[in-house]
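See structure below.
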Amino acid sequence: MELWQSRAELGALKDRRTQNESGAPKDSRRQDKLVLVPTMGALHDGHLSLVRAAAKLGDVVVSIFVNPTQFGPGEDFEAYPRTLERDLDLLSALPVVGVFAPPVQEIYSRAEEVTVQPGHRARGLCGGDRPGHFAGVLTVVNKLFNLLGPDMAVFGRKDAQQCLVIDQMVRDLKMPVRLVDVPTRR
């Protein structure tokens, strides 16, 4: 399992997708699917069940990124647990190709102004109580999809509203990513 912490290091992922172990080009018709499991870390059995489900679909990459833009006023971004070493230990026992765990400055520069704004599906439920939350979620998921280029992404069904707004983004922006929602086990 590889650990990537910058965009520059993701070249190894591209090489893996286009070359076989001997370095020869893969037959594009037989290329393995890349399946992303996006997380904020502090992994638990629910996350691990998502990884196991993803492994049945293709080569798994897990992202671990505590996203500051999805935390609202009064929600403590600084207090969110960061347990990268423990998370890597848990993932090492599973069929994971790599982990993308970038620092905040790798995903967000100070000058960024463009965000992805959710539509009507973000109103009510969680979205009504957490203004800006889903814009933060959609923006980071969009960035992860663009950086990693997954064929599929796996999300837990327990976050039903999140699944709906991400699905809307994928459809509206014509992203070539298939979303898979699976029952989450705790």
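Ordering of the structure tokens sets the chain letters (A, B, ...); residue numbers start at 1 within each chain; ligands are numbered from 1 in the order shown.
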Can you tell me which residues surround Thr139 of chain A at a distance of at most 9 Å, considering only C-alpha atoms, apart from same-chain residues fewer than 3 positions away, and format the answer as an NGL selection string?
:A and (69 or 114-117 or 134-136 or 142-144)
Could you write out the selected residues, including C-alpha atoms, as a short mmCIF file (atom, residue, chain, number, x, y, z; two decimals), in the first residue's frame?
data_model
loop_
_atom_site.label_atom_id
_atom_site.label_comp_id
_atom_site.auth_asym_id
_atom_site.auth_seq_id
_atom_site.Cartn_x
_atom_site.Cartn_y
_atom_site.Cartn_z
CA THR A 69 -14.56 23.90 4.41
CA VAL A 114 -14.46 28.82 -6.72
CA THR A 115 -16.64 26.38 -4.81
CA VAL A 116 -19.31 23.89 -5.81
CA GLN A 117 -22.70 25.01 -4.51
CA PHE A 134 -22.53 20.68 1.66
CA ALA A 135 -20.71 23.33 -0.39
CA GLY A 136 -17.57 22.24 1.47
CA ASN A 142 -14.94 17.46 -6.78
CA LYS A 143 -11.24 18.12 -6.12
CA LEU A 144 -10.62 14.50 -5.10
#
Please list as a list in words every residue within 10 Å of Leu88 of chain A, counting only C-alpha atoms and excluding residues in the same chain fewer than 6 positions away.
Met1, Glu2, Leu3, Gly41, Leu43, Val62, Ile64, Gly98 and Val99 of chain A
Just write the chosen residues, C-alpha atoms, as a JSON list (two decimals), in the first residue's frame.
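Dumped to again.json:
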[["chain", "number", "residue", "atom", "x", "y", "z"],
["A", 1, "MET", "CA", 0.00, 0.00, 0.00],
["A", 2, "GLU", "CA", 1.38, 3.37, -1.01],
["A", 3, "LEU", "CA", 0.93, 6.69, 0.78],
["A", 41, "GLY", "CA", -9.78, 9.63, 8.79],
["A", 43, "LEU", "CA", -11.32, 5.20, 10.71],
["A", 62, "VAL", "CA", -8.72, 5.70, 0.31],
["A", 64, "ILE", "CA", -7.93, 10.76, 4.32],
["A", 98, "GLY", "CA", -2.92, 3.47, -1.80],
["A", 99, "VAL", "CA", -3.93, 6.24, 0.55]]
Assign secondary structure with DSSP using the backbone only, and return the residues of segment 77-169 of chain A in strand (DSSP E or B) as a list in words.
Val96, Val97, Gly98, Val99, Phe100, Met152, Ala153, Val154, Phe155 and Gly156 of chain A
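Compared by their closest atoms to Asp87 of chain A, and using only C-alpha atoms, the residues A:Arg110, A:Gly74, A:Gln105, A:His44 rank with A:His44 nearest.
Straight-line separation from atom CA of Asp76 of chain A to atom CA of Gly156 of chain A: 23.0 Å.
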Any chance you could list, as a PyMOL selection string, the residues in segment 36-155 of chain A that come up alpha helix (DSSP H) when DSSP is run on the backbone?
chain A and resi 45-55+84-92+104-107+125-129+133-148
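Counting from atom CA of Arg82 of chain A, the distance to atom CA of His47 of chain A is 14.8 Å.
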At a cut-off of 9 Å, using only C-alpha atoms, what residues contact Leu57 of chain A? Leave out same-chain residues fewer than 6 positions from it and give the result as an NGL selection string.
:A and (33-35 or 152)
For the residues in the current selection, export C-alpha atoms as a PDB file, in the first residue's frame.
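Output file part09.pdb is given in full below:
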ATOM      1  CA  LYS A  33     -11.297   0.052 -12.158  1.00  0.00           C
ATOM      2  CA  LEU A  34     -10.124   2.575  -9.585  1.00  0.00           C
ATOM      3  CA  VAL A  35     -12.515   2.870  -6.646  1.00  0.00           C
ATOM      4  CA  MET A 152     -16.222   4.704  -8.949  1.00  0.00           C
TER       5      MET A 152
END
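Proximity of A:Gln162, A:Gln70, A:Asn146, A:Ser92 to Leu48 of chain A, computed with only C-alpha atoms, is greatest for A:Ser92.
Checking A:Arg7, A:Gly149, A:Asp167, A:Phe155 one by one against Val180 of chain A, counting only C-alpha atoms, you find the shortest gap at A:Phe155.
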